[in-house]
Structure formats: C-alpha cells, structure tokens
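Peer 1: If it helps, the file is called coords-v9.tsv and holds TSV, C-alpha atoms:
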chain	number	residue	atom	x	y	z
T	1	MET	CA	0.00	0.00	0.00
T	2	GLY	CA	14.09	15.43	-8.58
T	3	ALA	CA	15.28	14.19	-5.10
T	4	PRO	CA	13.10	15.31	-2.21
T	5	GLN	CA	14.67	17.08	0.72
T	6	GLU	CA	14.91	15.27	4.03
T	7	ARG	CA	11.80	16.90	5.49
T	8	ALA	CA	12.02	14.85	8.64
T	9	MET	CA	14.85	17.08	9.78
T	10	ASP	CA	14.40	20.07	7.46
T	11	VAL	CA	11.14	21.46	8.79
T	12	PRO	CA	10.28	25.15	8.45
T	13	LEU	CA	11.79	27.06	11.33
T	14	ASP	CA	10.20	30.37	12.31
T	15	VAL	CA	13.09	32.37	13.67
T	16	GLY	CA	11.10	35.57	13.90
T	17	SER	CA	11.49	38.83	12.09
T	18	GLY	CA	14.50	39.94	14.15
T	19	THR	CA	15.23	43.40	15.44
T	20	PRO	CA	17.19	45.95	13.39
T	21	ASP	CA	20.45	47.20	14.82
T	22	ARG	CA	20.04	50.36	16.82
T	23	ALA	CA	22.46	53.30	16.80
T	24	ASP	CA	23.78	54.18	20.23
T	25	SER	CA	22.77	57.80	20.93
T	26	ALA	CA	25.92	58.52	22.89
T	27	THR	CA	28.62	56.83	20.87
T	28	GLY	CA	26.98	56.30	17.51
T	29	ALA	CA	28.14	52.69	17.64
T	30	MET	CA	25.92	49.88	16.48
T	31	ASP	CA	24.77	47.28	19.03
T	32	GLU	CA	26.00	43.79	18.32
T	33	PRO	CA	23.21	41.36	17.28
T	34	GLN	CA	22.29	38.86	19.99
T	35	PRO	CA	22.10	35.35	18.47
T	36	ALA	CA	21.22	33.52	21.70
T	37	PRO	CA	17.41	34.07	21.51
T	38	ILE	CA	17.47	32.98	17.87
T	39	VAL	CA	19.41	29.84	18.73
T	40	HIS	CA	16.99	29.02	21.52
T	41	GLU	CA	13.99	29.60	19.28
T	42	ILE	CA	15.43	27.37	16.57
T	43	ALA	CA	16.28	24.69	19.12
T	44	ALA	CA	12.77	24.76	20.57
T	45	SER	CA	11.20	24.54	17.12
T	46	ARG	CA	13.58	21.72	16.17
T	47	GLN	CA	12.77	19.79	19.37
T	48	ALA	CA	9.01	20.12	18.78
T	49	SER	CA	9.34	18.98	15.18
T	50	GLN	CA	11.47	15.99	16.17
T	51	LEU	CA	8.93	14.93	18.82
T	52	THR	CA	6.13	15.17	16.27
T	53	ILE	CA	8.03	13.13	13.71
T	54	ALA	CA	9.00	10.54	16.33
T	55	GLY	CA	5.34	10.17	17.27
T	56	VAL	CA	4.33	9.80	13.63
T	57	VAL	CA	7.01	7.15	13.01
T	58	LEU	CA	5.99	5.15	16.10
T	59	PHE	CA	2.32	5.37	15.12
T	60	PHE	CA	3.16	4.11	11.63
T	61	SER	CA	5.40	1.32	12.93
T	62	PHE	CA	3.07	-0.15	15.53
T	63	SER	CA	-0.11	0.17	13.46
T	64	SER	CA	1.68	-1.60	10.62
T	65	ILE	CA	2.82	-4.40	12.94
T	66	GLY	CA	-0.73	-4.88	14.18
T	67	SER	CA	-2.06	-4.92	10.63
T	68	ILE	CA	0.42	-7.59	9.52
T	69	PHE	CA	-0.42	-9.99	12.34
T	70	VAL	CA	-4.19	-9.50	12.21
T	71	ASN	CA	-4.21	-9.96	8.42
T	72	LYS	CA	-2.03	-13.06	8.75
T	73	ALA	CA	-4.46	-14.45	11.32
T	74	VAL	CA	-7.40	-13.96	8.95
T	75	LEU	CA	-5.60	-15.32	5.88
T	76	SER	CA	-3.69	-18.21	7.48
T	77	ALA	CA	-4.98	-19.09	10.94
T	78	HIS	CA	-8.57	-18.93	9.72
T	79	ASP	CA	-7.58	-20.13	6.24
T	80	PHE	CA	-9.53	-17.33	4.55
T	81	GLY	CA	-7.80	-17.35	1.17
T	82	TYR	CA	-9.59	-14.38	-0.34
T	83	PRO	CA	-7.32	-11.29	-0.09
T	84	ALA	CA	-9.34	-9.16	-2.54
T	85	ALA	CA	-12.55	-9.76	-0.59
T	86	LEU	CA	-10.75	-8.95	2.66
T	87	MET	CA	-9.37	-5.69	1.26
T	88	TRP	CA	-12.81	-4.77	-0.09
T	89	PHE	CA	-14.30	-5.23	3.38
T	90	GLN	CA	-11.50	-3.16	4.92
T	91	MET	CA	-12.06	-0.34	2.42
T	92	LEU	CA	-15.82	-0.34	3.01
T	93	ILE	CA	-15.25	0.14	6.76
T	94	ALA	CA	-12.61	2.84	6.16
T	95	ASN	CA	-14.86	4.65	3.68
T	96	LEU	CA	-17.74	4.60	6.17
T	97	CYS	CA	-15.56	6.06	8.93
T	98	LEU	CA	-14.14	8.80	6.70
T	99	THR	CA	-17.60	9.70	5.40
T	100	LEU	CA	-18.87	10.13	8.98
T	101	LEU	CA	-15.85	12.35	9.70
T	102	ARG	CA	-16.26	14.42	6.52
T	103	ARG	CA	-17.34	17.64	8.26
T	104	LYS	CA	-14.52	17.53	10.80
T	105	LEU	CA	-11.98	16.82	8.05
T	106	LYS	CA	-12.95	20.04	6.20
T	107	ILE	CA	-12.78	18.31	2.83
T	108	PRO	CA	-12.02	20.81	0.02
T	109	VAL	CA	-13.50	20.70	-3.47
T	110	LEU	CA	-11.07	19.35	-6.08
T	111	GLN	CA	-10.99	20.25	-9.75
T	112	ARG	CA	-11.41	17.48	-12.30
T	113	ARG	CA	-7.76	17.54	-13.31
T	114	GLN	CA	-6.77	17.14	-9.66
T	115	TYR	CA	-8.67	13.85	-9.49
T	116	VAL	CA	-6.13	12.45	-11.97
T	117	THR	CA	-3.43	12.87	-9.31
T	118	VAL	CA	-5.69	11.27	-6.69
T	119	LEU	CA	-6.52	8.41	-9.06
T	120	LEU	CA	-2.83	7.65	-9.57
T	121	ALA	CA	-2.21	7.58	-5.81
T	122	THR	CA	-5.30	5.39	-5.37
T	123	SER	CA	-4.10	2.91	-7.99
T	124	TYR	CA	-0.70	2.55	-6.32
T	125	TRP	CA	-2.41	2.17	-2.95
T	126	ILE	CA	-4.69	-0.63	-4.12
T	127	GLY	CA	-1.83	-2.42	-5.87
T	128	ASN	CA	0.42	-2.04	-2.84
T	129	VAL	CA	-2.08	-3.41	-0.32
T	130	LEU	CA	-3.67	-6.09	-2.49
T	131	ILE	CA	-0.41	-7.63	-3.68
T	132	GLY	CA	0.92	-7.43	-0.13
T	133	LEU	CA	-2.08	-9.43	1.15
T	134	TYR	CA	-1.61	-12.13	-1.51
T	135	ALA	CA	2.11	-12.32	-0.65
T	136	LEU	CA	1.43	-12.45	3.09
T	137	ARG	CA	-0.81	-15.48	2.62
T	138	LEU	CA	2.00	-17.38	0.89
T	139	VAL	CA	5.07	-16.26	2.88
T	140	ASN	CA	5.76	-16.67	6.60
T	141	ILE	CA	5.99	-13.47	8.66
T	142	PRO	CA	9.79	-13.47	9.33
T	143	MET	CA	10.61	-13.84	5.63
T	144	PHE	CA	7.84	-11.44	4.61
T	145	SER	CA	9.28	-8.84	6.99
T	146	THR	CA	12.85	-9.47	5.79
T	147	LEU	CA	11.94	-9.20	2.12
T	148	ARG	CA	9.74	-6.16	2.73
T	149	ARG	CA	12.74	-4.51	4.37
T	150	LEU	CA	14.24	-4.40	0.86
T	151	SER	CA	11.63	-1.82	-0.10
T	152	VAL	CA	14.28	0.73	0.94
T	153	LEU	CA	16.38	-0.52	-1.97
T	154	PHE	CA	13.55	0.09	-4.40
T	155	VAL	CA	12.88	3.56	-3.00
T	156	MET	CA	16.57	4.39	-3.41
T	157	ALA	CA	16.50	3.13	-6.99
T	158	VAL	CA	13.59	5.43	-7.81
T	159	GLU	CA	15.39	8.39	-6.21
T	160	VAL	CA	18.65	7.60	-8.06
T	161	VAL	CA	16.73	7.73	-11.33
T	162	ARG	CA	15.51	11.16	-10.24
T	163	GLY	CA	19.08	12.38	-9.64
T	164	LYS	CA	19.75	11.66	-5.96
T	165	ARG	CA	23.13	10.19	-4.96
T	166	TYR	CA	24.09	8.16	-1.89
T	167	SER	CA	27.29	7.72	0.10
T	168	ARG	CA	29.36	4.54	0.01
T	169	GLY	CA	28.31	3.72	3.57
T	170	ILE	CA	24.63	3.78	2.62
T	171	ILE	CA	25.24	1.61	-0.42
T	172	LEU	CA	27.30	-0.87	1.66
T	173	THR	CA	24.53	-1.28	4.25
T	174	VAL	CA	22.01	-1.93	1.49
T	175	VAL	CA	24.30	-4.62	0.04
T	176	ILE	CA	24.58	-6.24	3.50
T	177	THR	CA	20.80	-6.17	3.93
T	178	VAL	CA	20.27	-7.74	0.52
T	179	ALA	CA	22.91	-10.43	1.25
T	180	GLY	CA	21.23	-11.34	4.53
T	181	SER	CA	17.84	-11.51	2.87
T	182	VAL	CA	19.17	-13.78	0.12
T	183	LEU	CA	20.80	-16.05	2.73
T	184	SER	CA	17.54	-16.31	4.63
T	185	ALA	CA	15.60	-17.04	1.46
T	186	CYS	CA	17.98	-19.83	0.43
T	187	SER	CA	17.43	-21.61	3.76
T	188	ASP	CA	13.70	-20.96	4.07
T	189	LEU	CA	12.06	-24.37	4.44
T	190	SER	CA	8.66	-22.94	3.54
T	191	PHE	CA	9.98	-21.22	0.39
T	192	ASP	CA	7.24	-20.21	-2.04
T	193	GLY	CA	8.43	-18.82	-5.38
T	194	LEU	CA	5.19	-17.04	-6.19
T	195	GLY	CA	5.04	-15.53	-2.72
T	196	TYR	CA	8.60	-14.21	-2.99
T	197	ALA	CA	7.88	-12.74	-6.43
T	198	LEU	CA	4.80	-10.99	-5.07
T	199	VAL	CA	6.78	-9.49	-2.19
T	200	PHE	CA	9.35	-8.04	-4.60
T	201	LEU	CA	6.54	-6.66	-6.77
T	202	ASN	CA	5.02	-5.25	-3.58
T	203	ASN	CA	8.34	-3.51	-2.82
T	204	LEU	CA	8.47	-1.94	-6.27
T	205	ILE	CA	4.91	-0.62	-6.04
T	206	THR	CA	5.64	0.65	-2.51
T	207	ALA	CA	8.47	2.82	-3.86
T	208	PHE	CA	6.21	4.48	-6.42
T	209	TYR	CA	3.36	4.71	-3.91
T	210	PHE	CA	5.44	6.65	-1.37
T	211	HIS	CA	6.59	9.11	-4.03
T	212	GLN	CA	3.08	9.57	-5.37
T	213	LEU	CA	1.75	10.21	-1.86
T	214	LYS	CA	4.33	12.93	-1.32
T	215	GLU	CA	3.52	14.55	-4.67
T	216	SER	CA	-0.22	14.33	-4.01
T	217	ILE	CA	-0.03	15.85	-0.53
T	218	ASN	CA	2.23	18.69	-1.66
T	219	GLY	CA	0.65	19.26	-5.08
T	220	LEU	CA	-2.97	19.22	-3.91
T	221	HIS	CA	-2.23	20.97	-0.58
T	222	LEU	CA	-4.09	18.31	1.38
T	223	ASN	CA	-3.37	16.89	4.80
T	224	SER	CA	-3.11	13.16	5.48
T	225	LEU	CA	-6.75	12.47	6.31
T	226	GLN	CA	-8.04	14.61	3.44
T	227	LEU	CA	-5.96	12.67	0.92
T	228	TYR	CA	-6.99	9.40	2.55
T	229	TYR	CA	-10.63	10.48	2.18
T	230	PHE	CA	-10.31	11.05	-1.57
T	231	THR	CA	-8.30	7.89	-2.22
T	232	SER	CA	-10.81	5.90	-0.18
T	233	GLN	CA	-13.75	7.32	-2.14
T	234	LEU	CA	-12.19	6.35	-5.45
T	235	GLY	CA	-10.62	3.17	-4.11
T	236	VAL	CA	-13.81	1.56	-2.84
T	237	ILE	CA	-15.33	1.86	-6.34
T	238	ILE	CA	-12.28	0.34	-8.03
T	239	MET	CA	-11.93	-2.36	-5.39
T	240	SER	CA	-15.61	-3.30	-5.69
T	241	VAL	CA	-15.07	-4.16	-9.35
T	242	ILE	CA	-11.84	-6.05	-8.64
T	243	ALA	CA	-13.34	-8.06	-5.77
T	244	LEU	CA	-16.51	-8.98	-7.64
T	245	LEU	CA	-14.47	-10.14	-10.65
T	246	THR	CA	-12.00	-12.15	-8.54
T	247	ASP	CA	-12.56	-13.82	-5.19
T	248	ALA	CA	-15.58	-12.10	-3.57
T	249	PRO	CA	-18.05	-14.74	-4.87
T	250	GLY	CA	-15.77	-17.51	-3.56
T	251	ALA	CA	-15.47	-15.77	-0.20
T	252	LEU	CA	-19.25	-15.59	0.14
T	253	GLN	CA	-19.59	-19.29	-0.65
T	254	ALA	CA	-16.85	-20.15	1.85
T	255	VAL	CA	-18.63	-18.25	4.62
T	256	GLN	CA	-21.86	-20.08	3.80
T	257	LYS	CA	-20.24	-23.54	3.75
T	258	ARG	CA	-17.64	-23.31	6.54
T	259	ALA	CA	-18.97	-23.01	10.06
T	260	GLU	CA	-15.64	-21.71	11.44
T	261	LEU	CA	-16.02	-18.60	9.27
T	262	ARG	CA	-19.30	-17.78	11.01
T	263	THR	CA	-17.84	-17.67	14.50
T	264	VAL	CA	-17.29	-14.71	16.81
T	265	GLN	CA	-13.53	-15.29	16.60
T	266	PHE	CA	-13.42	-14.89	12.82
T	267	ALA	CA	-15.76	-11.88	12.90
T	268	ALA	CA	-13.51	-10.24	15.51
T	269	ALA	CA	-10.42	-10.95	13.40
T	270	ALA	CA	-12.06	-9.53	10.26
T	271	ILE	CA	-13.23	-6.37	12.04
T	272	GLY	CA	-9.82	-6.05	13.68
T	273	SER	CA	-8.17	-6.24	10.26
T	274	ALA	CA	-10.43	-3.43	9.03
T	275	VAL	CA	-9.60	-1.23	12.02
T	276	MET	CA	-5.86	-1.86	11.68
T	277	SER	CA	-6.08	-1.25	7.94
T	278	PHE	CA	-7.63	2.15	8.60
T	279	LEU	CA	-4.89	3.03	11.09
T	280	VAL	CA	-1.99	1.83	8.93
T	281	ASN	CA	-3.25	3.65	5.83
T	282	TYR	CA	-3.77	6.86	7.77
T	283	SER	CA	-0.36	6.57	9.46
T	284	THR	CA	1.30	5.92	6.09
T	285	ASN	CA	-0.18	9.13	4.68
T	286	LEU	CA	0.79	10.96	7.87
T	287	ASN	CA	4.33	9.58	7.76
T	288	VAL	CA	4.85	10.60	4.15
T	289	GLU	CA	3.38	14.05	4.89
T	290	TYR	CA	5.92	14.70	7.66
T	291	THR	CA	8.92	12.91	6.16
T	292	THR	CA	10.31	11.86	2.78
T	293	PRO	CA	9.55	8.57	0.98
T	294	LEU	CA	12.98	7.24	1.95
T	295	SER	CA	12.46	8.19	5.58
T	296	THR	CA	9.12	6.38	5.53
T	297	ALA	CA	10.86	3.28	4.22
T	298	VAL	CA	13.60	3.62	6.84
T	299	SER	CA	11.04	3.87	9.64
T	300	SER	CA	9.80	0.46	8.54
T	301	VAL	CA	13.02	-1.02	9.98
T	302	LEU	CA	11.58	-0.80	13.51
T	303	LYS	CA	8.34	-2.57	12.68
T	304	ASN	CA	10.02	-5.17	10.46
T	305	SER	CA	12.51	-5.96	13.21
T	306	LEU	CA	9.73	-6.53	15.74
T	307	GLN	CA	7.71	-8.49	13.19
T	308	THR	CA	10.69	-10.73	12.49
T	309	GLY	CA	11.28	-11.47	16.17
T	310	ILE	CA	7.63	-12.16	16.98
T	311	GLY	CA	7.09	-13.94	13.69
T	312	LEU	CA	9.65	-16.61	14.57
T	313	PHE	CA	6.92	-18.14	16.72
T	314	SER	CA	3.99	-17.55	14.38
T	315	TRP	CA	2.18	-19.46	11.66
T	316	GLY	CA	4.12	-21.45	9.08
T	317	TYR	CA	7.69	-20.75	10.18
T	318	GLN	CA	10.31	-23.46	10.60
T	319	ILE	CA	13.52	-22.27	12.27
T	320	THR	CA	16.92	-23.20	10.80
T	321	PRO	CA	20.32	-21.81	11.93
T	322	LEU	CA	21.20	-20.50	8.45
T	323	ASN	CA	17.83	-18.81	8.08
T	324	VAL	CA	18.17	-17.08	11.46
T	325	LEU	CA	21.74	-16.02	10.57
T	326	GLY	CA	20.46	-14.42	7.38
T	327	LEU	CA	17.72	-12.62	9.32
T	328	VAL	CA	20.31	-11.24	11.78
T	329	ILE	CA	22.59	-10.05	8.94
T	330	ALA	CA	19.70	-8.35	7.17
T	331	LEU	CA	18.55	-6.72	10.40
T	332	SER	CA	22.09	-5.50	11.16
T	333	GLY	CA	22.47	-3.99	7.69
T	334	SER	CA	19.15	-2.17	7.86
T	335	SER	CA	19.87	-0.93	11.40
T	336	VAL	CA	23.26	0.55	10.38
T	337	PHE	CA	21.50	2.07	7.35
T	338	THR	CA	19.11	3.84	9.71
T	339	LEU	CA	22.00	5.09	11.87
T	340	LEU	CA	23.78	6.55	8.84
T	341	LYS	CA	20.60	8.25	7.65
T	342	VAL	CA	20.12	9.84	11.07
T	343	ARG	CA	23.70	11.16	11.01
T	344	GLU	CA	23.24	12.57	7.52
T	345	SER	CA	20.00	14.23	8.56
T	346	ARG	CA	21.62	15.81	11.62
T	347	ALA	CA	24.47	17.13	9.49
T	348	ALA	CA	21.99	18.64	7.03
T	349	GLU	CA	20.04	20.11	9.94
T	350	SER	CA	23.17	21.73	11.39
T	351	ASN	CA	23.98	23.27	8.01
T	352	THR	CA	20.43	24.64	7.77
T	353	ILE	CA	20.64	26.25	11.23
T	354	ALA	CA	24.08	27.71	10.44
T	355	ALA	CA	22.72	29.19	7.22
T	356	LYS	CA	19.77	30.76	9.06
T	357	LEU	CA	22.07	32.26	11.69
T	358	SER	CA	24.41	33.65	9.04
T	359	ASP	CA	21.45	35.33	7.34
T	360	ARG	CA	20.74	37.22	10.54
Would you put the structure from the file into structure tokens?
Peer 2:
Amino acid sequence: MGAPQERAMDVPLDVGSGTPDRADSATGAMDEPQPAPIVHEIAASRQASQLTIAGVVLFFSFSSIGSIFVNKAVLSAHDFGYPAALMWFQMLIANLCLTLLRRKLKIPVLQRRQYVTVLLATSYWIGNVLIGLYALRLVNIPMFSTLRRLSVLFVMAVEVVRGKRYSRGIILTVVITVAGSVLSACSDLSFDGLGYALVFLNNLITAFYFHQLKESINGLHLNSLQLYYFTSQLGVIIMSVIALLTDAPGALQAVQKRAELRTVQFAAAAIGSAVMSFLVNYSTNLNVEYTTPLSTAVSSVLKNSLQTGIGLFSWGYQITPLNVLGLVIALSGSSVFTLLKVRESRAAESNTIAAKLSDR
C-alpha cells in the first residue's frame, strides 16, 4: 500500500522577524546582534518537530505491525484465502468512517484535473495493499518482513533515477541487507516462489506509492486524512469491481459452507483487520506528509525488526540456523543504514541552522 529534501529534519523554522540594529545615541556605535534568543527559538522549534516526527514514526510502525499480524491471522490461521474480498471489506469500513468524519476533516473541493493525481495515488495504494495481502498469505511473517525490508532498496533506486546520490556507507549497508535476505531465502524451508515474487513486486509498487503520496499531498495541498478520504472514495469503487471479478463470490460461498467462518472469533479478526487497515493507511499518509519517501521506508526497519522477532513463533515458520543467521545479517544492515541516515540528517540540519544564523 528530482530528489526530495529530508523533510524529517528540514522542517520550516520560524526564527522571527528579528530586530534591526540600533544606533547608540551617545557613541553612535551599532549594538551587536544577539544570536542567543534565535538559537533558543530554533532549538525549541527543532525539538518540537522531532517529537512530532518521532510520534508519527511510532504510530506508523506499531499500526503496521498490528495490521500484519491481524491480516495473517485472517488469511492463514482462519484459512480465509480471499485477499481481494478482505481488502474490499477493509475499504468499506474505512470509507464509512471517513464519510462520517467528513465535516470535521474540512474536505475541500477538487478540480477534475486534480482527481487524476488522486486516481494515480489510489491505484498505487490498491496495488500495494492487495499484492501485499496475496504475498502475506504465501510467505511466513519473518521472511515477509525481511523481504519487505528491501523496499528501501527500491525507494533508493527510484530516487537515483531522479538524480539523488548516496554515500558509500549507505550503499554498503544496502548490500549487506540484501545479502542477509538472500541467505535467509535460500534456507527458508517454507519457500514459495510465487510468494517471494509478489513481495518483490510489492516492494516496487511501494516505492512508487510513497513518491506519489508525497507529490499528491504537496501538489494538492491536502493533509493526510483529506488525501486518505479522496483515495478511499475512489478506491472503494475500483476495489468493488476487482473483488466482484475475482474472489468475492468464492469468499461468500466459503462463509456459507464453513462453520468456522461464522464464528465470533473470525468476525472479531475480520473487524480487527479493518480497524488496523484504517490506522496503517492513515499513518502511512501521515508519515509521508511529515517525512520523505525514503524516511518512511527507513522507519519500517523498527516494525520489520519486531515483526521478524515475533514472527519466529507464528504461523508457518520453521527455524533453521542458516535462516536465522540471514535474518540477523539483514537486520544488522538495515539498522546501520538507519543510523547513517540519522547522522546525515543531523548534518543537514546543522547546516540549515548555520545558514539561518548567518542570514541574521
């Protein structure tokens, strides 16, 4: 479900209008400018922005973790092999919630040409989530999380095409992450070729989806929930057609024939998946609004790490030493990647503050 600036650390800083130098009436000398209040103001603004971004990243990470496990429970534990029908149900619930919140969201009126931008974001969103659900049904959670961690590589590839360049350290950590993922895949006893292919396709669509979200939010001047409202309105129509032409009829027959799909436990799991889907889609929009596509992908390291650890004891996973070694290598590479990105962001932030002070 050109190269942008690192918005996570490069937020607008209101340093005030300043006070013009005053001539001393007795000596005619000019008072020296006092940078301390400016520094304090910048520091306070920076601290507030960092707290906001940290909250957004945590919200995205934990809602995504919850969504993965609840969806896996519906698809595997309850053996409900109808991802399109599940996504359709999730979108119906999300659309209902957003429609009820329409007045509070202050939804603007879009021009017809603007709906083209929304339609493109909606298409990537549907492709990202739907393919991810099909892949999740076929791949165990540790390997799904490890392979999804490679979405950073696809995001970087898209940004390189757009002119962005990366340091050797960043490239090395990506190579390590890829090597660990390949090692894990080679020793995965529950290997599923189609599932792996779908995860890689999911990663590619994710890269384009993150970029399109950023362009949609900035180009249409919408906030996260407003964009989610428009994509949900268009998405539920598109998904209705897809579900009815694919597995919705089969899902209805399965519910009618299988008693276990008419239990309170399955109903709770299905509703839980819809709630978590709403939260993860909103948090994704929110994360992209406050950060860059690459930063959004990097923040996935936290959730994927937790998913991998918990997933070792979940459905369909058989532990082997080589597989676990590959998981550890991939996790180490992605963790160092995150550390390097934080250092780069802080360096860029320091340069921005120095430039603002010099302009005073």
Peer 1: Would you mind listing what lies within 10 Å of T:Thr206 as a ChimeraX atom specification, with all atoms listed in the file counted and same-chain residues fewer than 3 positions away left out?
Peer 2: /T:1,124-125,127-129,132,148,151-152,154-155,200-203,209-212,293,297
Peer 1: Could you list, as a PyMOL selection string, every residue within 9 Å of T:Met91, counting only C-alpha atoms and ignoring same-chain residues fewer than 2 positions away?
Peer 2: chain T and resi 86-89+93-96+232+235-236+239+274+277-278
Peer 1: For a quick check of understanding, using all atoms listed in the file, which of T:Leu133, T:Ile238, T:Leu153, T:Val199 has the smallest distance to T:Phe80?
Peer 2: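 Closest residue, counting all atoms listed in the file: T:Leu133.
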Peer 1: Return as a tab-separated table the residues of stretch 36-151 of chain T lying at most 9 Å from stretch 173-177 of chain T, together with the closest atom-to-atom pair for each and the distance in Å to one decimal, counting only C-alpha atoms, with rows in chain order and ascending residue number.
Peer 2:
residue	atom	partner	partner_atom	distance
T:Thr146	CA	T:Thr177	CA	8.8
T:Arg149	CA	T:Thr177	CA	8.2
T:Leu150	CA	T:Thr177	CA	7.5
Peer 1: Work out how far atom CA of T:Ile205 is from atom CA of T:Leu327, in Å to one decimal.
Peer 2: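 Computing the Euclidean distance for atom CA of T:Leu327 and atom CA of T:Ile205 yields 23.3 Å.
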Peer 1: Would you mind listing what lies within 12 Å of T:Ala268 as a count of residues only, with only C-alpha atoms counted and same-chain residues fewer than 6 positions away left out?
Peer 2: 10
Peer 1: Could you tell me how far atom CA of T:Leu130 lies from atom CA of T:Pro142, in Å and to one decimal?
Peer 2: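 For atom CA of T:Leu130 relative to atom CA of T:Pro142, the distance reads 19.4 Å.
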Peer 1: Which one is closest to T:Gly81: T:Arg162, T:Lys214, T:Arg137, T:Arg168? Count only C-alpha atoms.
Peer 2: T:Arg137
Peer 1: What separation in Å, quoted to one decimal, exists between atom CA of T:Ile217 and atom CA of T:Ile65?
Peer 2: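 Pair atom CA of T:Ile217 / atom CA of T:Ile65 returns 24.5 Å.
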